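Here's the structure we're looking at; comments come further down.
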Amino acid sequence: MSEKLINVTKEGQIAILTIQRPSALNALNKEVLTQIGQEIDSLEKDKNIRVMIFTGEGKAFVAGADIAEMKELGIAEGENFSKLGNGVFQKLHQSKIVSIAAINGFALGGGMELTLACDLRIGSEKAKLGLPEVSLGLIPGFGGTQRLARLIGYGRAIELVLTGDMITAEEGYRIGILNKLVKEGDDLLGVCKMIANSILKKGPEAIERVKKTIQEGLDLSLKEGIALEEKAFGACFDGGQSKEGMTAFLEKRPANF
């Protein structure tokens, strides 16, 4: 039986996934990636869970992919490793469950790519971010070349990838990688839970539609994206949660979703 490398705790409708491989700064090897994918699959089946928060045990979020494992790979094996990571992170990205990265320390390489696959990134002031793969003669292989540019634009993204520089959480917040910066010593997970609880008060079906519409719209022209939004907006008027939400607003009471 393989060692359990992802610890999952549930608090109401929130699941907290802690990567626990601190001796290797939570580096992503094949087993860690596989277990992340398995846990996402399991949470998808739990109809009660609406938000998942990722964090790392110890002083790192995830310090990167496992270099010791990668060193022995050939061309086909390297591509398969990339496919494994991208498959897991795409599953995370496309999940109906909202995902939050609670970045408690180093988020480098594959760790940075894990945060980019999440919907929201909340970082401690002590966190360090970067895609340093070129320093190893590699390139990002788990979506970093694609998601970072979509998030912060070509100019800033290619600078970070070409230099491989590690940046502070403050700089990451300034250029739009982080949604929120949490002062060192403050409760990072507590802030993430507060954000999660704010999301949980909103209509579940609307939250799922928002994720799907924004993500799919990024691959479309503006005209096509608007048409996609119109259909998604119309689908809200099915007599279900939107009716309760609007009725609650008019009656000046909390909605019962």
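Identifiers in the structure tokens: chain A, B, ... in order shown; residue index from 1 per chain; ligand index from 1 in order shown.
Residues within 10 Å of Leu5 of chain A, counting only C-alpha atoms and excluding same-chain residues fewer than 6 positions away, are Leu17, Thr18, Ile19, Gln20, Arg21, Pro22, Asn26, Glu31, Val32, Leu33, Thr34, Gln35 and Ile36 of chain A.
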With C-alpha atoms retained, export the selected residues as an mmCIF file, in the first residue's frame.
data_model
loop_
_atom_site.group_PDB
_atom_site.id
_atom_site.type_symbol
_atom_site.label_atom_id
_atom_site.label_comp_id
_atom_site.auth_asym_id
_atom_site.auth_seq_id
_atom_site.Cartn_x
_atom_site.Cartn_y
_atom_site.Cartn_z
ATOM 1 C CA LEU A 17 -6.121 19.148 1.038
ATOM 2 C CA THR A 18 -2.647 19.257 2.584
ATOM 3 C CA ILE A 19 0.272 17.920 0.577
ATOM 4 C CA GLN A 20 2.407 16.165 3.176
ATOM 5 C CA ARG A 21 5.847 15.352 1.887
ATOM 6 C CA PRO A 22 7.804 17.916 3.915
ATOM 7 C CA ASN A 26 6.263 18.606 -0.881
ATOM 8 C CA GLU A 31 2.607 9.339 -6.661
ATOM 9 C CA VAL A 32 1.749 12.787 -5.306
ATOM 10 C CA LEU A 33 0.157 13.807 -8.599
ATOM 11 C CA THR A 34 -1.794 10.563 -8.788
ATOM 12 C CA GLN A 35 -3.088 10.982 -5.246
ATOM 13 C CA ILE A 36 -4.137 14.594 -5.912
#
### Message
Quick one: residues within 9 Å of segment 209-223 of chain A, only C-alpha atoms, excluding same-chain residues fewer than 6 positions away - as a PyMOL selection string?
### Response
chain A and resi 93-96+98+119+150+229+232-233+236
Picked from segment 2-250 of chain A by DSSP as alpha helix (DSSP H), as a short mmCIF file (atom, residue, chain, number, x, y, z; two decimals) with N, CA, C and O atoms, in the first residue's frame:
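Written file, states.cif:
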data_model
loop_
_atom_site.label_atom_id
_atom_site.label_comp_id
_atom_site.auth_asym_id
_atom_site.auth_seq_id
_atom_site.Cartn_x
_atom_site.Cartn_y
_atom_site.Cartn_z
N LYS A 30 5.29 11.31 -9.26
CA LYS A 30 4.14 10.65 -9.88
C LYS A 30 3.09 10.26 -8.85
O LYS A 30 1.89 10.38 -9.09
N GLU A 31 3.55 9.79 -7.68
CA GLU A 31 2.61 9.34 -6.66
C GLU A 31 1.81 10.50 -6.08
O GLU A 31 0.60 10.38 -5.87
N VAL A 32 2.47 11.62 -5.83
CA VAL A 32 1.75 12.79 -5.31
C VAL A 32 0.70 13.26 -6.31
O VAL A 32 -0.46 13.51 -5.95
N LEU A 33 1.10 13.37 -7.57
CA LEU A 33 0.16 13.81 -8.60
C LEU A 33 -1.02 12.85 -8.72
O LEU A 33 -2.18 13.28 -8.81
N THR A 34 -0.73 11.56 -8.69
CA THR A 34 -1.79 10.56 -8.79
C THR A 34 -2.77 10.69 -7.62
O THR A 34 -4.00 10.66 -7.81
N GLN A 35 -2.22 10.87 -6.41
CA GLN A 35 -3.09 10.98 -5.25
C GLN A 35 -3.92 12.27 -5.27
O GLN A 35 -5.08 12.28 -4.84
N ILE A 36 -3.35 13.36 -5.78
CA ILE A 36 -4.14 14.59 -5.91
C ILE A 36 -5.33 14.34 -6.83
O ILE A 36 -6.46 14.72 -6.53
N GLY A 37 -5.06 13.69 -7.96
CA GLY A 37 -6.14 13.38 -8.89
C GLY A 37 -7.20 12.50 -8.26
O GLY A 37 -8.41 12.72 -8.46
N GLN A 38 -6.78 11.52 -7.50
CA GLN A 38 -7.73 10.62 -6.84
C GLN A 38 -8.60 11.36 -5.82
O GLN A 38 -9.81 11.11 -5.71
N GLU A 39 -7.98 12.27 -5.08
CA GLU A 39 -8.73 13.03 -4.07
C GLU A 39 -9.73 13.98 -4.74
O GLU A 39 -10.84 14.16 -4.23
N ILE A 40 -9.35 14.58 -5.86
CA ILE A 40 -10.30 15.43 -6.57
C ILE A 40 -11.49 14.60 -7.05
O ILE A 40 -12.65 15.01 -6.91
N ASP A 41 -11.22 13.43 -7.60
CA ASP A 41 -12.30 12.53 -8.04
C ASP A 41 -13.24 12.20 -6.89
O ASP A 41 -14.47 12.20 -7.04
N SER A 42 -12.65 11.91 -5.73
CA SER A 42 -13.45 11.57 -4.56
C SER A 42 -14.32 12.74 -4.10
O SER A 42 -15.50 12.58 -3.78
N LEU A 43 -13.74 13.94 -4.10
CA LEU A 43 -14.49 15.12 -3.67
C LEU A 43 -15.60 15.46 -4.65
O LEU A 43 -16.66 15.96 -4.26
N GLU A 44 -15.35 15.21 -5.93
CA GLU A 44 -16.38 15.47 -6.94
C GLU A 44 -17.64 14.62 -6.68
O GLU A 44 -18.75 15.03 -7.02
N LYS A 45 -17.45 13.46 -6.08
CA LYS A 45 -18.58 12.57 -5.78
C LYS A 45 -19.31 12.96 -4.50
O LYS A 45 -20.40 12.48 -4.23
N ILE A 67 12.85 16.54 -8.82
CA ILE A 67 13.98 16.53 -9.76
C ILE A 67 14.68 15.17 -9.77
O ILE A 67 15.12 14.69 -10.82
N ALA A 68 14.79 14.54 -8.60
CA ALA A 68 15.44 13.23 -8.54
C ALA A 68 14.71 12.22 -9.42
O ALA A 68 15.34 11.38 -10.08
N GLU A 69 13.39 12.29 -9.46
CA GLU A 69 12.61 11.39 -10.30
C GLU A 69 12.73 11.78 -11.77
O GLU A 69 12.88 10.92 -12.65
N MET A 70 12.70 13.08 -12.05
CA MET A 70 12.74 13.53 -13.45
C MET A 70 14.09 13.26 -14.11
O MET A 70 14.16 13.07 -15.33
N ILE A 75 12.75 10.91 -23.35
CA ILE A 75 11.82 11.81 -24.05
C ILE A 75 10.36 11.37 -23.87
O ILE A 75 9.51 12.16 -23.45
N ALA A 76 10.07 10.11 -24.15
CA ALA A 76 8.69 9.63 -24.04
C ALA A 76 8.22 9.67 -22.59
O ALA A 76 7.07 10.04 -22.31
N GLU A 77 9.11 9.32 -21.68
CA GLU A 77 8.75 9.33 -20.26
C GLU A 77 8.52 10.77 -19.77
O GLU A 77 7.62 11.02 -18.96
N GLY A 78 9.32 11.69 -20.28
CA GLY A 78 9.13 13.10 -19.91
C GLY A 78 7.79 13.62 -20.39
O GLY A 78 7.08 14.32 -19.66
N GLU A 79 7.43 13.27 -21.60
CA GLU A 79 6.13 13.70 -22.12
C GLU A 79 4.99 13.07 -21.32
O GLU A 79 3.99 13.73 -21.03
N ASN A 80 5.15 11.82 -20.94
CA ASN A 80 4.10 11.17 -20.15
C ASN A 80 3.97 11.79 -18.77
O ASN A 80 2.87 11.89 -18.22
N PHE A 81 5.11 12.21 -18.18
CA PHE A 81 5.08 12.88 -16.88
C PHE A 81 4.33 14.21 -17.01
O PHE A 81 3.53 14.58 -16.15
N SER A 82 4.58 14.92 -18.10
CA SER A 82 3.87 16.17 -18.36
C SER A 82 2.37 15.91 -18.54
O SER A 82 1.53 16.64 -18.02
N LYS A 83 2.03 14.85 -19.25
CA LYS A 83 0.62 14.50 -19.46
C LYS A 83 -0.06 14.16 -18.13
O LYS A 83 -1.22 14.53 -17.90
N LEU A 84 0.66 13.49 -17.23
CA LEU A 84 0.10 13.15 -15.93
C LEU A 84 -0.21 14.43 -15.15
O LEU A 84 -1.33 14.61 -14.64
N GLY A 85 0.78 15.31 -15.04
CA GLY A 85 0.57 16.55 -14.31
C GLY A 85 -0.51 17.41 -14.92
O GLY A 85 -1.38 17.95 -14.22
N ASN A 86 -0.48 17.55 -16.24
CA ASN A 86 -1.50 18.37 -16.90
C ASN A 86 -2.89 17.76 -16.78
O ASN A 86 -3.88 18.49 -16.64
N GLY A 87 -2.98 16.45 -16.81
CA GLY A 87 -4.28 15.80 -16.64
C GLY A 87 -4.88 16.09 -15.28
O GLY A 87 -6.07 16.40 -15.15
N VAL A 88 -4.04 16.00 -14.25
CA VAL A 88 -4.51 16.26 -12.89
C VAL A 88 -4.89 17.73 -12.72
O VAL A 88 -5.94 18.07 -12.16
N PHE A 89 -4.03 18.64 -13.20
CA PHE A 89 -4.29 20.06 -13.01
C PHE A 89 -5.46 20.54 -13.87
O PHE A 89 -6.19 21.45 -13.47
N GLN A 90 -5.66 19.94 -15.02
CA GLN A 90 -6.83 20.28 -15.84
C GLN A 90 -8.10 19.80 -15.15
O GLN A 90 -9.13 20.48 -15.19
N LYS A 91 -8.03 18.65 -14.52
CA LYS A 91 -9.17 18.14 -13.74
C LYS A 91 -9.52 19.13 -12.62
O LYS A 91 -10.69 19.44 -12.38
N LEU A 92 -8.49 19.63 -11.96
CA LEU A 92 -8.68 20.63 -10.90
C LEU A 92 -9.29 21.90 -11.47
O LEU A 92 -10.26 22.44 -10.94
N HIS A 93 -8.71 22.38 -12.56
CA HIS A 93 -9.15 23.63 -13.18
C HIS A 93 -10.61 23.56 -13.61
O HIS A 93 -11.37 24.52 -13.44
N GLN A 94 -11.02 22.42 -14.16
CA GLN A 94 -12.36 22.28 -14.71
C GLN A 94 -13.37 21.76 -13.70
O GLN A 94 -14.56 21.65 -14.02
N GLY A 110 6.38 23.10 -10.50
CA GLY A 110 5.09 22.41 -10.44
C GLY A 110 4.18 22.93 -9.36
O GLY A 110 2.95 22.88 -9.49
N GLY A 111 4.76 23.45 -8.27
CA GLY A 111 3.95 24.03 -7.21
C GLY A 111 3.26 25.30 -7.66
O GLY A 111 2.09 25.54 -7.37
N MET A 112 4.00 26.13 -8.40
CA MET A 112 3.41 27.33 -9.00
C MET A 112 2.32 26.94 -9.98
O MET A 112 1.24 27.56 -10.02
N GLU A 113 2.57 25.90 -10.75
CA GLU A 113 1.57 25.45 -11.72
C GLU A 113 0.32 24.91 -11.05
O GLU A 113 -0.80 25.08 -11.56
N LEU A 114 0.47 24.29 -9.90
CA LEU A 114 -0.69 23.87 -9.12
C LEU A 114 -1.52 25.07 -8.70
O LEU A 114 -2.75 25.06 -8.81
N THR A 115 -0.87 26.14 -8.24
CA THR A 115 -1.62 27.33 -7.85
C THR A 115 -2.34 27.94 -9.04
O THR A 115 -3.46 28.44 -8.92
N LEU A 116 -1.70 27.91 -10.22
CA LEU A 116 -2.31 28.50 -11.41
C LEU A 116 -3.54 27.73 -11.86
O LEU A 116 -4.43 28.28 -12.51
N ALA A 117 -3.60 26.44 -11.53
CA ALA A 117 -4.76 25.63 -11.89
C ALA A 117 -5.93 25.88 -10.94
O ALA A 117 -7.07 25.50 -11.25
N GLY A 144 2.26 25.69 -17.02
CA GLY A 144 2.80 27.00 -16.68
C GLY A 144 2.98 27.93 -17.86
O GLY A 144 2.74 29.14 -17.75
N THR A 145 3.40 27.40 -19.02
CA THR A 145 3.60 28.25 -20.18
C THR A 145 2.28 28.79 -20.72
O THR A 145 2.27 29.78 -21.46
N GLN A 146 1.18 28.15 -20.37
CA GLN A 146 -0.13 28.55 -20.89
C GLN A 146 -0.95 29.36 -19.88
O GLN A 146 -1.49 30.40 -20.22
N ARG A 147 -1.02 28.89 -18.66
CA ARG A 147 -1.90 29.55 -17.69
C ARG A 147 -1.34 30.88 -17.18
O ARG A 147 -2.11 31.81 -16.94
N LEU A 148 -0.02 30.97 -17.03
CA LEU A 148 0.53 32.21 -16.48
C LEU A 148 0.29 33.38 -17.44
O LEU A 148 -0.11 34.47 -17.00
N ALA A 149 0.52 33.17 -18.73
CA ALA A 149 0.29 34.24 -19.70
C ALA A 149 -1.17 34.64 -19.77
O ALA A 149 -1.50 35.82 -19.93
N ARG A 150 -2.07 33.67 -19.63
CA ARG A 150 -3.50 33.98 -19.63
C ARG A 150 -3.89 34.77 -18.39
O ARG A 150 -4.84 35.56 -18.42
N LEU A 151 -3.16 34.57 -17.31
CA LEU A 151 -3.48 35.25 -16.05
C LEU A 151 -2.92 36.66 -15.99
O LEU A 151 -3.62 37.60 -15.61
N ILE A 152 -1.65 36.84 -16.36
CA ILE A 152 -1.00 38.15 -16.17
C ILE A 152 -0.50 38.79 -17.45
O ILE A 152 0.10 39.86 -17.42
N TYR A 154 1.27 38.33 -21.63
CA TYR A 154 2.48 37.76 -22.24
C TYR A 154 3.75 38.38 -21.68
O TYR A 154 4.71 37.68 -21.35
N GLY A 155 3.80 39.71 -21.59
CA GLY A 155 5.03 40.39 -21.22
C GLY A 155 5.58 39.98 -19.88
O GLY A 155 6.76 39.63 -19.74
N ARG A 156 4.74 40.01 -18.87
CA ARG A 156 5.20 39.65 -17.52
C ARG A 156 5.45 38.15 -17.42
O ARG A 156 6.40 37.71 -16.77
N ALA A 157 4.60 37.35 -18.08
CA ALA A 157 4.75 35.90 -18.00
C ALA A 157 6.06 35.44 -18.63
O ALA A 157 6.81 34.65 -18.03
N ILE A 158 6.37 35.95 -19.82
CA ILE A 158 7.58 35.46 -20.48
C ILE A 158 8.83 35.93 -19.75
O ILE A 158 9.85 35.23 -19.71
N GLU A 159 8.76 37.09 -19.11
CA GLU A 159 9.90 37.54 -18.30
C GLU A 159 10.18 36.56 -17.16
O GLU A 159 11.32 36.16 -16.92
N LEU A 160 9.12 36.16 -16.46
CA LEU A 160 9.29 35.24 -15.34
C LEU A 160 9.79 33.88 -15.80
O LEU A 160 10.66 33.27 -15.14
N VAL A 161 9.29 33.40 -16.94
CA VAL A 161 9.69 32.07 -17.41
C VAL A 161 11.09 32.10 -18.02
O VAL A 161 11.89 31.18 -17.80
N LEU A 162 11.44 33.16 -18.75
CA LEU A 162 12.76 33.24 -19.37
C LEU A 162 13.88 33.42 -18.35
O LEU A 162 14.96 32.85 -18.50
N THR A 163 13.62 34.20 -17.32
CA THR A 163 14.66 34.43 -16.30
C THR A 163 14.68 33.33 -15.26
O THR A 163 15.71 33.07 -14.64
N ALA A 169 5.98 37.19 -2.57
CA ALA A 169 4.52 37.18 -2.61
C ALA A 169 3.99 38.58 -2.89
O ALA A 169 2.99 38.75 -3.60
N GLU A 170 4.65 39.59 -2.34
CA GLU A 170 4.22 40.97 -2.57
C GLU A 170 4.27 41.32 -4.05
O GLU A 170 3.35 41.93 -4.59
N GLU A 171 5.35 40.91 -4.73
CA GLU A 171 5.45 41.14 -6.17
C GLU A 171 4.40 40.33 -6.91
O GLU A 171 3.79 40.81 -7.87
N GLY A 172 4.17 39.09 -6.47
CA GLY A 172 3.14 38.27 -7.09
C GLY A 172 1.76 38.89 -6.99
O GLY A 172 0.95 38.82 -7.92
N TYR A 173 1.49 39.53 -5.86
CA TYR A 173 0.22 40.22 -5.67
C TYR A 173 0.15 41.45 -6.58
O TYR A 173 -0.87 41.72 -7.22
N ARG A 174 1.26 42.18 -6.68
CA ARG A 174 1.29 43.41 -7.47
C ARG A 174 1.02 43.15 -8.95
O ARG A 174 0.33 43.93 -9.60
N LEU A 188 -3.44 32.25 7.57
CA LEU A 188 -3.64 32.08 6.13
C LEU A 188 -4.84 31.20 5.83
O LEU A 188 -5.70 31.56 5.02
N LEU A 189 -4.91 30.05 6.48
CA LEU A 189 -6.05 29.16 6.24
C LEU A 189 -7.36 29.81 6.68
O LEU A 189 -8.40 29.62 6.04
N GLY A 190 -7.29 30.58 7.74
CA GLY A 190 -8.49 31.28 8.22
C GLY A 190 -9.01 32.26 7.19
O GLY A 190 -10.22 32.37 6.96
N VAL A 191 -8.10 32.98 6.52
CA VAL A 191 -8.50 33.91 5.46
C VAL A 191 -9.12 33.14 4.30
O VAL A 191 -10.15 33.55 3.75
N CYS A 192 -8.50 32.01 3.94
CA CYS A 192 -9.05 31.19 2.85
C CYS A 192 -10.44 30.66 3.19
O CYS A 192 -11.33 30.62 2.33
N LYS A 193 -10.63 30.25 4.42
CA LYS A 193 -11.94 29.76 4.85
C LYS A 193 -12.98 30.88 4.83
O LYS A 193 -14.15 30.66 4.48
N MET A 194 -12.56 32.09 5.18
CA MET A 194 -13.47 33.23 5.16
C MET A 194 -13.94 33.49 3.72
O MET A 194 -15.12 33.72 3.48
N ILE A 195 -13.00 33.43 2.77
CA ILE A 195 -13.36 33.61 1.36
C ILE A 195 -14.28 32.47 0.92
O ILE A 195 -15.28 32.69 0.22
N ALA A 196 -13.94 31.25 1.33
CA ALA A 196 -14.76 30.09 0.97
C ALA A 196 -16.18 30.25 1.50
O ALA A 196 -17.16 29.99 0.78
N ASN A 197 -16.31 30.69 2.73
CA ASN A 197 -17.64 30.85 3.33
C ASN A 197 -18.44 31.94 2.64
O ASN A 197 -19.67 31.86 2.55
N SER A 198 -17.76 32.97 2.13
CA SER A 198 -18.45 33.99 1.35
C SER A 198 -19.02 33.39 0.07
O SER A 198 -20.16 33.66 -0.32
N ILE A 199 -18.23 32.54 -0.58
CA ILE A 199 -18.68 31.87 -1.81
C ILE A 199 -19.84 30.93 -1.52
O ILE A 199 -20.78 30.83 -2.30
N LEU A 200 -19.77 30.25 -0.37
CA LEU A 200 -20.80 29.27 -0.03
C LEU A 200 -22.18 29.90 0.19
O LEU A 200 -23.19 29.21 0.13
N PRO A 204 -25.26 27.91 -5.62
CA PRO A 204 -24.35 26.87 -6.11
C PRO A 204 -24.35 26.71 -7.63
O PRO A 204 -23.30 26.58 -8.26
N GLU A 205 -25.54 26.73 -8.24
CA GLU A 205 -25.62 26.56 -9.69
C GLU A 205 -25.00 27.76 -10.40
O GLU A 205 -24.33 27.61 -11.43
N ALA A 206 -25.19 28.94 -9.85
CA ALA A 206 -24.61 30.15 -10.45
C ALA A 206 -23.09 30.10 -10.38
O ALA A 206 -22.40 30.47 -11.34
N ILE A 207 -22.55 29.63 -9.26
CA ILE A 207 -21.09 29.53 -9.11
C ILE A 207 -20.52 28.57 -10.16
O ILE A 207 -19.51 28.86 -10.81
N GLU A 208 -21.17 27.44 -10.35
CA GLU A 208 -20.71 26.47 -11.37
C GLU A 208 -20.77 27.07 -12.76
O GLU A 208 -19.85 26.91 -13.57
N ARG A 209 -21.85 27.81 -13.05
CA ARG A 209 -22.00 28.41 -14.38
C ARG A 209 -20.95 29.50 -14.61
O ARG A 209 -20.44 29.66 -15.72
N VAL A 210 -20.65 30.27 -13.57
CA VAL A 210 -19.64 31.32 -13.69
C VAL A 210 -18.29 30.71 -14.06
O VAL A 210 -17.60 31.17 -14.99
N LYS A 211 -17.88 29.66 -13.33
CA LYS A 211 -16.61 29.00 -13.63
C LYS A 211 -16.58 28.51 -15.07
O LYS A 211 -15.62 28.76 -15.81
N LYS A 212 -17.61 27.81 -15.47
CA LYS A 212 -17.66 27.20 -16.81
C LYS A 212 -17.66 28.28 -17.90
O LYS A 212 -16.93 28.17 -18.90
N THR A 213 -18.44 29.34 -17.70
CA THR A 213 -18.57 30.37 -18.73
C THR A 213 -17.27 31.16 -18.90
O THR A 213 -16.84 31.43 -20.03
N ILE A 214 -16.62 31.53 -17.79
CA ILE A 214 -15.37 32.27 -17.89
C ILE A 214 -14.29 31.41 -18.52
O ILE A 214 -13.57 31.85 -19.42
N GLN A 215 -14.16 30.17 -18.07
CA GLN A 215 -13.10 29.30 -18.58
C GLN A 215 -13.28 29.01 -20.07
O GLN A 215 -12.33 29.11 -20.85
N GLU A 216 -14.49 28.66 -20.47
CA GLU A 216 -14.72 28.36 -21.89
C GLU A 216 -14.60 29.62 -22.74
O GLU A 216 -14.13 29.58 -23.87
N GLY A 217 -15.01 30.76 -22.19
CA GLY A 217 -14.96 32.01 -22.93
C GLY A 217 -13.55 32.47 -23.27
O GLY A 217 -13.34 33.17 -24.27
N LEU A 222 -14.60 37.40 -28.57
CA LEU A 222 -15.53 38.14 -27.71
C LEU A 222 -16.97 37.89 -28.13
O LEU A 222 -17.85 37.68 -27.28
N LYS A 223 -17.23 37.89 -29.42
CA LYS A 223 -18.59 37.67 -29.92
C LYS A 223 -19.09 36.29 -29.50
O LYS A 223 -20.24 36.15 -29.04
N GLU A 224 -18.25 35.28 -29.65
CA GLU A 224 -18.63 33.92 -29.27
C GLU A 224 -18.81 33.81 -27.75
O GLU A 224 -19.71 33.12 -27.26
N GLY A 225 -17.94 34.50 -27.01
CA GLY A 225 -18.04 34.48 -25.55
C GLY A 225 -19.33 35.11 -25.05
O GLY A 225 -19.95 34.64 -24.10
N ILE A 226 -19.72 36.20 -25.69
CA ILE A 226 -20.98 36.86 -25.32
C ILE A 226 -22.17 35.93 -25.57
O ILE A 226 -23.10 35.83 -24.76
N ALA A 227 -22.13 35.23 -26.71
CA ALA A 227 -23.21 34.28 -27.01
C ALA A 227 -23.26 33.17 -25.97
O ALA A 227 -24.34 32.73 -25.55
N LEU A 228 -22.07 32.71 -25.55
CA LEU A 228 -22.00 31.68 -24.51
C LEU A 228 -22.61 32.19 -23.21
O LEU A 228 -23.38 31.49 -22.54
N GLU A 229 -22.28 33.45 -22.87
CA GLU A 229 -22.83 34.04 -21.64
C GLU A 229 -24.34 34.16 -21.71
O GLU A 229 -25.06 33.90 -20.73
N GLU A 230 -24.86 34.56 -22.86
CA GLU A 230 -26.31 34.72 -23.01
C GLU A 230 -27.04 33.41 -22.74
O GLU A 230 -28.07 33.37 -22.06
N LYS A 231 -26.49 32.32 -23.28
CA LYS A 231 -27.12 31.01 -23.06
C LYS A 231 -27.04 30.60 -21.59
O LYS A 231 -28.01 30.08 -21.02
N ALA A 232 -25.88 30.84 -20.97
CA ALA A 232 -25.72 30.49 -19.56
C ALA A 232 -26.62 31.34 -18.68
O ALA A 232 -27.19 30.85 -17.69
N PHE A 233 -26.75 32.61 -19.02
CA PHE A 233 -27.65 33.50 -18.27
C PHE A 233 -29.09 33.04 -18.38
O PHE A 233 -29.81 32.94 -17.39
N GLY A 234 -29.51 32.71 -19.60
CA GLY A 234 -30.87 32.23 -19.80
C GLY A 234 -31.15 30.96 -19.04
O GLY A 234 -32.25 30.76 -18.49
N ALA A 235 -30.14 30.07 -18.98
CA ALA A 235 -30.32 28.80 -18.27
C ALA A 235 -30.57 28.98 -16.79
O ALA A 235 -31.11 28.09 -16.13
N GLN A 241 -32.92 27.84 -8.36
CA GLN A 241 -32.19 28.66 -7.39
C GLN A 241 -32.30 30.16 -7.66
O GLN A 241 -32.33 30.96 -6.73
N SER A 242 -32.36 30.55 -8.94
CA SER A 242 -32.46 31.98 -9.24
C SER A 242 -33.78 32.56 -8.73
O SER A 242 -33.83 33.69 -8.25
N LYS A 243 -34.84 31.78 -8.83
CA LYS A 243 -36.14 32.25 -8.34
C LYS A 243 -36.08 32.48 -6.83
O LYS A 243 -36.57 33.49 -6.31
N GLU A 244 -35.45 31.54 -6.11
CA GLU A 244 -35.30 31.69 -4.67
C GLU A 244 -34.42 32.90 -4.35
O GLU A 244 -34.72 33.69 -3.44
N GLY A 245 -33.33 33.07 -5.10
CA GLY A 245 -32.43 34.19 -4.85
C GLY A 245 -33.10 35.53 -5.05
O GLY A 245 -32.94 36.45 -4.22
N MET A 246 -33.84 35.68 -6.12
CA MET A 246 -34.51 36.95 -6.41
C MET A 246 -35.68 37.20 -5.44
O MET A 246 -35.91 38.33 -5.01
N THR A 247 -36.39 36.13 -5.10
CA THR A 247 -37.49 36.26 -4.14
C THR A 247 -36.94 36.69 -2.78
O THR A 247 -37.50 37.58 -2.12
N ALA A 248 -35.83 36.08 -2.35
CA ALA A 248 -35.22 36.43 -1.07
C ALA A 248 -34.76 37.89 -1.06
O ALA A 248 -34.92 38.60 -0.06
N PHE A 249 -34.23 38.35 -2.18
CA PHE A 249 -33.79 39.75 -2.28
C PHE A 249 -34.98 40.69 -2.10
O PHE A 249 -34.92 41.66 -1.34
N LEU A 250 -36.06 40.40 -2.79
CA LEU A 250 -37.25 41.26 -2.71
C LEU A 250 -37.89 41.21 -1.33
O LEU A 250 -38.49 42.18 -0.87
#
### Task
Step one, run DSSP on the backbone; step two, keep only residues of segment 23-61 of chain A assigned to strand (DSSP E); then write them as an MDAnalysis selection string.
chainID A and resid 51:56 60:61
### Task
Could you tell me which of A:Ile6, A:Ala255, A:Ile97, A:Leu131 comes closest to Asp46 of chain A if we count only C-alpha atoms?
A:Ile97
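When atom CA of Phe106 of chain A is paired with atom CA of Ala63 of chain A, their separation reads 5.3 Å.
Closest to Ser135 of chain A among A:Cys118, A:Gly153, A:Thr9, A:Met166 is A:Met166, based on only C-alpha atoms.
Counting from atom CA of Val51 of chain A, the distance to atom CA of Ile177 of chain A is 19.9 Å.
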### Message
Considering only C-alpha atoms, can you say which of A:Gln13, A:Asp165, A:Gly109, A:Gly240 comes closest to Ile139 of chain A?
### Response
A:Gly109
### Task
Tell me which protein, DNA and RNA residues are within 7 Å of Ala107 of chain A, counting only C-alpha atoms, leaving out same-chain ones fewer than 6 positions away, and put them as JSON, numbers by chain.
{"A": [60, 61, 62, 63, 64, 128, 129, 130]}
